[in-house]
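> Got coords.txt for you, compact mmCIF, C-alpha atoms:
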```txt
# COMPACT_ATOMS: atom_id res chain seq x y z
CA MET A 698 0.00 0.00 0.00
CA LYS A 699 2.93 2.36 0.85
CA ASN A 700 4.34 1.81 -2.67
CA ILE A 701 0.94 2.64 -4.22
CA VAL A 702 0.74 5.88 -2.22
CA LYS A 703 4.30 6.83 -3.31
CA ILE A 704 3.37 6.22 -6.94
CA LEU A 705 0.18 8.34 -6.65
CA LEU A 706 2.13 11.21 -5.05
CA ALA A 707 4.82 11.04 -7.70
CA VAL A 708 2.26 11.13 -10.52
CA LEU A 709 0.25 13.97 -8.97
CA THR A 710 3.25 16.13 -7.96
CA GLY A 711 5.57 15.25 -10.83
CA SER A 712 8.44 14.84 -8.35
CA ARG A 713 9.99 12.10 -10.48
CA ALA A 714 9.53 10.41 -13.80
CA CYS A 715 7.06 7.52 -13.74
CA SER A 716 6.87 4.49 -15.95
CA ARG A 717 3.82 3.74 -18.09
CA SER A 718 2.77 0.88 -15.80
CA GLU A 719 3.00 3.20 -12.76
CA LYS A 720 0.79 5.77 -14.48
CA ARG A 721 -1.83 3.10 -15.29
CA THR A 722 -1.72 1.91 -11.69
CA SER A 723 -2.13 5.49 -10.49
CA LEU A 724 -5.16 6.15 -12.70
CA PHE A 725 -6.85 2.89 -11.66
CA PHE A 726 -6.51 3.60 -7.96
CA SER A 727 -7.52 7.24 -8.47
CA PHE A 728 -10.80 6.02 -9.99
CA LEU A 729 -11.37 3.62 -7.08
CA ILE A 730 -10.74 6.36 -4.54
CA ALA A 731 -13.09 8.79 -6.31
CA ALA A 732 -15.85 6.15 -6.47
CA PHE A 733 -15.41 5.41 -2.77
CA VAL A 734 -15.60 9.10 -1.86
CA LEU A 735 -18.79 9.60 -3.88
CA SER A 736 -20.45 6.53 -2.37
CA GLN A 737 -19.71 7.80 1.12
CA THR A 738 -20.99 11.33 0.40
CA PRO A 739 -24.84 11.38 0.27
CA SER A 740 -24.88 15.15 -0.20
CA ILE A 741 -24.12 14.96 -3.97
CA TYR A 742 -25.61 13.02 -6.97
CA ILE A 743 -24.68 12.74 -10.61
CA CYS A 744 -27.59 13.42 -12.98
CA ALA A 745 -27.99 12.03 -16.50
CA GLN A 746 -26.17 15.00 -18.04
CA GLY A 747 -23.12 14.47 -15.82
CA HIS A 748 -23.90 17.46 -13.59
CA ILE A 749 -23.36 16.89 -9.87
CA GLU A 750 -26.55 18.03 -8.12
CA THR A 751 -27.30 18.65 -4.49
CA PRO A 752 -30.25 17.03 -2.69
CA ALA A 753 -32.24 20.25 -3.07
CA GLU A 754 -31.58 20.35 -6.81
CA ARG A 755 -32.47 16.69 -7.14
CA LYS A 756 -35.74 17.18 -5.24
CA ALA A 757 -36.70 20.15 -7.42
CA ARG A 758 -35.96 18.14 -10.58
CA GLN A 759 -38.07 15.20 -9.41
CA GLU A 760 -40.96 17.55 -8.59
CA ARG A 761 -40.78 19.08 -12.08
CA GLU A 762 -40.78 15.65 -13.71
CA ALA A 763 -43.74 14.49 -11.61
CA ALA A 764 -45.72 17.65 -12.47
CA ALA A 765 -45.02 17.20 -16.20
CA LYS A 766 -46.12 13.55 -16.05
CA LYS A 767 -49.34 14.48 -14.25
CA LYS A 768 -50.07 17.17 -16.83
CA ARG A 769 -49.64 14.69 -19.69
CA GLN A 770 -52.02 12.26 -18.00
CA MET A 771 -54.65 14.96 -17.41
CA LYS A 772 -54.51 16.40 -20.97
CA PRO A 773 -57.88 15.73 -22.68
CA SER A 774 -57.97 13.72 -25.89
CA THR A 775 -58.17 15.73 -29.10
CA ARG A 776 -60.01 12.91 -30.90
CA ILE A 777 -63.58 13.89 -31.82
CA ILE A 778 -66.10 11.09 -31.46
CA ALA A 779 -69.31 11.77 -33.39
CA GLU A 780 -72.63 11.10 -31.75
CA PRO A 781 -74.44 8.02 -33.09
CA LEU A 782 -76.83 8.70 -35.94
CA GLN A 783 -80.51 8.75 -35.04
CA ILE A 784 -82.46 6.54 -37.43
CA ASP A 785 -86.18 5.73 -37.48
CA THR A 786 -87.49 2.57 -39.13
CA PHE A 787 -90.91 2.43 -40.77
CA ILE A 788 -92.76 -0.65 -41.98
CA VAL A 789 -95.40 -0.57 -44.71
CA ASN A 790 -97.18 -3.78 -45.73
CA GLY A 791 -94.21 -5.79 -44.51
CA VAL A 792 -91.54 -3.64 -46.18
CA SER A 793 -89.21 -1.60 -43.96
CA PHE A 794 -87.31 1.58 -44.77
CA LYS A 795 -85.16 3.95 -42.72
CA MET A 796 -85.21 7.70 -42.20
CA VAL A 797 -82.08 9.45 -40.91
CA HIS A 798 -82.32 12.50 -38.64
CA VAL A 799 -80.30 15.42 -40.01
CA GLU A 800 -79.41 18.06 -37.45
CA GLY A 801 -80.13 21.55 -38.73
CA GLY A 802 -77.35 24.00 -39.44
CA THR A 803 -75.94 26.63 -41.76
CA PHE A 804 -73.96 25.92 -44.93
CA LYS A 805 -72.84 27.44 -48.21
CA MET A 806 -75.12 26.22 -51.01
CA GLY A 807 -74.15 26.10 -54.69
CA CYS A 808 -70.83 26.49 -56.48
CA ASN A 809 -69.30 29.48 -58.25
CA ASN A 810 -66.80 27.45 -60.27
CA TYR A 811 -68.88 24.86 -62.10
CA ASN A 812 -71.91 26.12 -64.03
CA LYS A 813 -74.20 29.12 -63.99
CA GLY A 814 -77.14 27.09 -62.66
CA SER A 815 -75.28 26.52 -59.38
CA MET A 816 -74.41 30.21 -58.91
CA PRO A 817 -74.13 32.23 -56.79
CA VAL A 818 -72.99 30.49 -53.64
CA HIS A 819 -75.25 31.66 -50.84
CA GLN A 820 -75.71 30.97 -47.15
CA VAL A 821 -78.61 28.74 -46.12
CA THR A 822 -79.83 27.87 -42.63
CA LEU A 823 -82.00 24.79 -42.16
CA SER A 824 -84.02 23.34 -39.31
CA THR A 825 -83.63 19.70 -38.33
CA PHE A 826 -85.34 17.23 -40.67
CA CYS A 827 -85.29 13.56 -41.69
CA ILE A 828 -84.30 12.09 -45.04
CA GLY A 829 -84.36 8.59 -46.50
CA GLU A 830 -81.29 6.46 -45.92
CA THR A 831 -81.66 5.26 -49.51
CA GLU A 832 -83.60 6.10 -52.61
CA VAL A 833 -87.13 4.66 -52.62
CA THR A 834 -86.80 1.06 -53.75
CA GLN A 835 -89.05 -0.84 -56.12
CA GLU A 836 -89.99 -3.08 -53.19
CA LEU A 837 -91.34 -0.12 -51.22
CA TRP A 838 -93.10 1.36 -54.25
CA GLN A 839 -94.86 -1.94 -54.91
CA ALA A 840 -95.87 -2.26 -51.24
CA VAL A 841 -97.58 1.13 -51.43
CA MET A 842 -98.81 1.34 -55.03
CA GLY A 843 -99.21 -2.32 -55.98
CA SER A 844 -97.30 -1.95 -59.27
CA ASN A 845 -93.78 -1.31 -60.56
CA PRO A 846 -93.10 1.17 -63.40
CA SER A 847 -89.31 0.60 -63.47
CA LYS A 848 -87.27 -0.39 -66.52
CA PHE A 849 -84.47 -2.10 -64.57
CA VAL A 850 -86.46 -4.48 -62.40
CA GLY A 851 -85.14 -5.51 -58.99
CA LEU A 852 -86.73 -5.25 -55.55
CA HIS A 853 -83.72 -3.49 -54.06
CA ARG A 854 -83.00 -1.26 -57.01
CA PRO A 855 -84.33 2.30 -56.93
CA VAL A 856 -87.73 2.83 -58.47
CA GLU A 857 -87.52 4.88 -61.70
CA CYS A 858 -89.71 5.94 -64.60
CA VAL A 859 -91.67 8.02 -62.07
CA SER A 860 -92.58 11.66 -62.65
CA TRP A 861 -92.75 14.36 -59.99
CA ASP A 862 -96.54 13.98 -60.10
CA ASP A 863 -96.21 10.21 -59.60
CA CYS A 864 -94.08 10.83 -56.52
CA GLN A 865 -96.79 13.04 -55.03
CA LYS A 866 -99.38 10.28 -55.50
CA PHE A 867 -97.05 7.75 -53.84
CA ILE A 868 -96.40 10.08 -50.90
CA GLN A 869 -100.08 10.80 -50.40
CA LYS A 870 -100.84 7.08 -50.18
CA LEU A 871 -97.80 6.39 -47.98
CA ASN A 872 -98.92 9.07 -45.53
CA SER A 873 -102.36 7.52 -45.40
CA LEU A 874 -100.86 4.12 -44.61
CA THR A 875 -98.42 5.38 -41.98
CA ASN A 876 -100.30 8.37 -40.57
CA SER A 877 -97.15 10.43 -41.22
CA SER A 878 -96.16 13.53 -43.20
CA PHE A 879 -93.63 12.27 -45.73
CA ARG A 880 -92.69 14.57 -48.61
CA LEU A 881 -89.95 15.22 -51.12
CA PRO A 882 -86.91 17.06 -49.73
CA THR A 883 -86.42 20.68 -50.65
CA GLU A 884 -83.42 21.32 -52.85
CA ALA A 885 -81.58 22.97 -49.94
CA GLU A 886 -82.29 20.01 -47.65
CA TRP A 887 -81.09 17.62 -50.34
CA GLU A 888 -77.79 19.44 -50.87
CA TYR A 889 -77.16 19.89 -47.13
CA ALA A 890 -77.72 16.17 -46.54
CA ALA A 891 -75.60 15.18 -49.56
CA ARG A 892 -72.74 17.33 -48.26
CA GLY A 893 -72.93 15.53 -44.91
CA GLY A 894 -74.69 18.18 -42.81
CA LYS A 895 -72.76 19.14 -39.69
CA ARG A 896 -70.50 16.12 -40.22
CA SER A 897 -69.43 17.31 -43.67
CA LYS A 898 -65.82 16.77 -44.76
CA GLY A 899 -66.26 19.04 -47.77
CA CYS A 900 -66.25 16.32 -50.44
CA LYS A 901 -67.17 16.99 -54.08
CA PHE A 902 -69.34 13.89 -54.20
CA ALA A 903 -71.65 12.62 -51.46
CA GLY A 904 -69.12 11.11 -49.06
CA SER A 905 -65.89 11.10 -51.09
CA ASN A 906 -63.72 13.03 -53.51
CA THR A 907 -63.40 9.81 -55.53
CA VAL A 908 -66.64 9.33 -57.44
CA GLY A 909 -66.31 5.56 -57.82
CA ASN A 910 -66.36 5.08 -54.05
CA VAL A 911 -69.89 6.42 -53.68
CA ALA A 912 -71.60 6.56 -57.08
CA TRP A 913 -72.82 4.51 -60.03
CA TYR A 914 -72.19 6.66 -63.11
CA ASP A 915 -71.49 6.18 -66.78
CA GLU A 916 -68.01 4.67 -66.35
CA ASN A 917 -68.88 1.93 -63.84
CA SER A 918 -72.64 1.26 -64.06
CA ASN A 919 -72.76 -0.99 -67.13
CA ASN A 920 -75.56 1.36 -68.26
CA GLU A 921 -78.07 0.21 -65.66
CA THR A 922 -79.20 0.96 -62.12
CA HIS A 923 -77.92 -1.04 -59.16
CA ASN A 924 -79.18 -2.12 -55.75
CA VAL A 925 -79.30 0.75 -53.30
CA ALA A 926 -76.61 0.99 -50.60
CA ALA A 927 -74.07 -1.00 -52.64
CA LYS A 928 -71.59 1.89 -52.55
CA ARG A 929 -70.10 3.72 -49.56
CA ALA A 930 -72.41 5.99 -47.51
CA ASN A 931 -71.69 9.65 -46.90
CA GLU A 932 -70.97 11.27 -43.52
CA LEU A 933 -74.64 10.99 -42.50
CA GLY A 934 -74.96 7.34 -43.48
CA LEU A 935 -76.91 8.18 -46.66
CA TYR A 936 -76.42 6.07 -49.76
CA ASP A 937 -76.47 6.94 -53.48
CA MET A 938 -76.82 10.68 -53.03
CA SER A 939 -74.40 10.76 -55.94
CA GLY A 940 -75.24 8.57 -58.93
CA ASN A 941 -77.52 5.55 -59.49
CA VAL A 942 -80.68 7.59 -60.25
CA SER A 943 -81.25 11.32 -60.12
CA GLU A 944 -83.70 12.38 -57.43
CA TRP A 945 -86.73 14.66 -57.59
CA CYS A 946 -86.87 17.58 -55.15
CA GLN A 947 -89.97 19.49 -54.07
CA ASP A 948 -88.87 22.89 -55.44
CA PHE A 949 -89.78 24.53 -58.69
CA PHE A 950 -86.69 25.40 -60.70
CA GLY A 951 -85.48 28.99 -60.45
CA PRO A 952 -82.30 31.12 -60.22
CA TYR A 953 -80.45 31.36 -56.92
CA SER A 954 -80.28 34.55 -54.89
CA SER A 955 -77.09 35.74 -53.23
CA ASP A 956 -79.07 36.63 -50.08
CA SER A 957 -78.86 34.48 -46.97
CA GLN A 958 -81.95 32.30 -46.55
CA THR A 959 -83.63 30.21 -43.87
CA ASN A 960 -85.50 27.03 -44.84
CA PRO A 961 -85.89 28.05 -48.50
CA THR A 962 -88.48 26.24 -50.61
CA GLY A 963 -87.70 27.70 -54.04
CA PRO A 964 -90.00 29.73 -56.31
CA SER A 965 -93.72 29.68 -55.50
CA THR A 966 -94.65 28.82 -59.10
CA GLY A 967 -93.01 27.39 -62.17
CA PHE A 968 -93.12 24.81 -64.93
CA GLU A 969 -90.19 22.55 -64.02
CA HIS A 970 -88.95 20.86 -60.85
CA ILE A 971 -85.44 20.19 -59.59
CA SER A 972 -83.65 16.85 -59.77
CA ARG A 973 -80.38 16.20 -57.98
CA GLY A 974 -77.48 13.78 -57.66
CA GLY A 975 -76.66 12.64 -61.19
CA ASN A 976 -77.30 9.09 -62.35
CA PHE A 977 -75.89 5.93 -63.88
CA ARG A 978 -75.95 7.27 -67.47
CA ILE A 979 -74.06 10.54 -67.11
CA SER A 980 -70.49 11.59 -66.35
CA TYR A 981 -69.03 12.15 -62.91
CA GLY A 982 -69.27 15.95 -63.10
CA PHE A 983 -73.05 15.78 -62.88
CA CYS A 984 -72.78 13.68 -59.68
CA GLN A 985 -71.22 16.49 -57.65
CA VAL A 986 -73.24 17.61 -54.63
CA TRP A 987 -74.03 21.10 -55.96
CA TYR A 988 -75.18 20.16 -59.48
CA HIS A 989 -78.87 20.35 -60.32
CA GLN A 990 -81.11 19.78 -63.34
CA ASP A 991 -84.74 20.63 -64.07
CA TYR A 992 -87.57 18.69 -65.74
CA LEU A 993 -91.26 19.12 -66.34
CA GLN A 994 -93.20 17.67 -63.43
CA GLY A 995 -95.00 15.16 -65.67
CA TYR A 996 -91.74 13.87 -67.18
CA ALA A 997 -90.77 10.27 -66.33
CA THR A 998 -87.56 8.49 -67.32
CA TYR A 999 -85.51 5.53 -66.11
CA GLU A 1000 -82.81 7.99 -65.04
CA ILE A 1001 -84.90 9.62 -62.27
CA GLY A 1002 -86.21 8.31 -58.96
CA PHE A 1003 -86.61 9.98 -55.57
CA ARG A 1004 -85.87 9.95 -51.86
CA LEU A 1005 -88.26 10.70 -49.02
CA ALA A 1006 -88.06 13.50 -46.44
CA LEU A 1007 -89.96 14.06 -43.23
```
With the file now loaded, output its structure as structure tokens.


Amino acid sequence: MKNIVKILLAVLTGSRACSRSEKRTSLFFSFLIAAFVLSQTPSIYICAQGHIETPAERKARQEREAAAKKKRQMKPSTRIIAEPLQIDTFIVNGVSFKMVHVEGGTFKMGCNNYNKGSMPVHQVTLSTFCIGETEVTQELWQAVMGSNPSKFVGLHRPVECVSWDDCQKFIQKLNSLTNSSFRLPTEAEWEYAARGGKRSKGCKFAGSNTVGNVAWYDENSNNETHNVAAKRANELGLYDMSGNVSEWCQDFFGPYSSDSQTNPTGPSTGFEHISRGGNFRISYGFCQVWYHQDYLQGYATYEIGFRLAL
């Protein structure tokens, strides 16, 4: 031990030249001594950054870390969970159909960048209403009317070859059977629902910016209608708002106003009524949520059906 002490003193003081092995021995024992001193001195600690901290500093650091951890645990989630959709089911002569509640709200109706008929964009405020989950099927039409006017026959395909006048006759009989107040949607209600209402993600088509996800149109329909609800639903759980068959609305056709409106119902008189949504025979541009067409109310074609409102 005396020799080790002499070597340490010689290395530290430089009193004499030391061999390489003596220097290694000195460094080794210096490390051991330092470790022993630190272990016997509870008043200092070495933190992760190599800084020697006092007990007070260590306590303050631990308190900061605990407070930060607690804050992270208490931070509310930023994930938005939508309320479940409210859906009512009706049964008529053994055939069921669903109506989706659409919470009222305010939206921008129309489009300034597509065609003149959709201009100008204007603000519309709507009260809460209900709209059909799907287009009226041939099965439901037959249950109410006892016949089927459609060209493309299939119980779960949308009814077509029905005029606006035919729709009014169907609705009158349906209301008698159900003791309800069904009607066609207004054009504003239709567009608001197609856009997704308060759940809207701003899509060009009803539920997607990719038309094929939500619509049967000229490029994928094989030139015929298809069963309802075969494509993806929109944000409100509504099917075929884009494509399959165009849909009659209650309104007479007329130019838009730039003024803000509440529960608009269109012109009070006219010769033609609105249809919406595009259909299986036309290109994707006509399936966008703001596009509308107009037809005489007695006109019937296999391109047009309808959807109920309440």

> With distances taken over all atoms listed in the file, which residue among A:Gln990, A:Asn910, A:Thr751, A:Gln783 lies nearest Phe826 in chain A?

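Nearest candidate to Phe826 in chain A out of A:Gln990, A:Asn910, A:Thr751, A:Gln783: A:Gln783.
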
> Leaving out Gly940 in chain A and any residue of its chain fewer than 3 positions from it, which residues lie within 8 Å of it when counting only C-alpha atoms, given as an mmCIF file with C-alpha atoms, in the coordinates of the input?


```
data_model
loop_
_atom_site.group_PDB
_atom_site.id
_atom_site.type_symbol
_atom_site.label_atom_id
_atom_site.label_comp_id
_atom_site.auth_asym_id
_atom_site.auth_seq_id
_atom_site.Cartn_x
_atom_site.Cartn_y
_atom_site.Cartn_z
ATOM 1 C CA VAL A 911 -69.890 6.420 -53.680
ATOM 2 C CA ALA A 912 -71.600 6.560 -57.080
ATOM 3 C CA TRP A 913 -72.820 4.510 -60.030
ATOM 4 C CA TYR A 914 -72.190 6.660 -63.110
ATOM 5 C CA ASP A 937 -76.470 6.940 -53.480
ATOM 6 C CA SER A 943 -81.250 11.320 -60.120
ATOM 7 C CA GLY A 974 -77.480 13.780 -57.660
ATOM 8 C CA GLY A 975 -76.660 12.640 -61.190
ATOM 9 C CA ASN A 976 -77.300 9.090 -62.350
ATOM 10 C CA PHE A 977 -75.890 5.930 -63.880
ATOM 11 C CA CYS A 984 -72.780 13.680 -59.680
#
```

> Record the distance separating CA of Gly951 in chain A and CA of Phe902 in chain A, expressed in Å with one decimal.

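CA of Phe902 in chain A lies 23.0 Å from CA of Gly951 in chain A.
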
> Rounded to one decimal place, report the CA of Arg1004 in chain A-CA of Gly802 in chain A distance in Å.

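Going from CA of Arg1004 in chain A over to CA of Gly802 in chain A, I get 20.6 Å.
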
> Between CA of Ser824 in chain A and CA of Ser897 in chain A, what is the distance in Å, rounded to a tenth?

16.4 Å

> For a quick check of understanding, using only C-alpha atoms, which of A:Lys848, A:Arg755, A:Arg854, A:Lys895 has the smallest distance to Asn941 in chain A?

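For Asn941 in chain A, the nearest of the given residues is A:Arg854.
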
> Of the candidates A:Trp861, A:Phe794, A:Phe867, A:Tyr889, which one gets nearest to Asp948 in chain A if we count all atoms listed in the file?

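That would be A:Trp861, the residue with the smallest distance to Asp948 in chain A.
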
> For Glu884 in chain A, which residue out of A:Asp785, A:Lys795, A:Met806, A:Pro752 is the nearest one, using all atoms listed in the file?

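Result for the nearest residue to Glu884 in chain A: A:Met806.
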
> Residues proximal to (-68.5, 32.0, -55.1) were defined as those with any atom within 9 Å of that point in the file's coordinates, counting only C-alpha atoms. Which are they, as a list in words?

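Returned residue set, sorted by chain then number, is Gly807, Cys808, Asn809, Asn810, Met816, Pro817, Val818 and His819 of chain A.
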
> Using all atoms listed in the file, find the one residue out of A:Arg761, A:Lys901, A:Arg880, A:His923 that sits nearest to Gly851 in chain A.

A:His923

> Quick one: residues within 9 Å of Pro846 in chain A, only C-alpha atoms, excluding same-chain residues fewer than 4 positions away - as a list of chain:residue names?

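Here the answer would be A:Gln835, A:Val850, A:Val856, A:Glu857, A:Cys858, A:Val859.
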
> Select, from A:Lys766, A:Arg973, A:Asp863, A:Thr959, the residue with the minimum atom-to-atom distance to Asn845 in chain A, counting all atoms listed in the file.

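When distances to Asn845 in chain A are compared using all atoms listed in the file, the smallest one comes from A:Asp863.
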
> So that I can see what lies close to His989 in chain A, please list as a list in words the residues with an atom at most 8 Å from it, counting all atoms listed in the file and leaving out residues fewer than 4 positions away in the same chain.

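Answer for this query is Gly814, Ser815, Ile971, Ser972, Arg973, Gly974 and Phe983 of chain A.
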
> Can you tell me which residues surround Tyr936 in chain A at a distance of at most 9 Å, considering only C-alpha atoms, apart from same-chain residues fewer than 4 positions away, and format the answer as JSON, numbers by chain?

{"A": [829, 830, 831, 832, 903, 904, 911, 912, 925, 926, 927, 928, 929, 930, 931]}
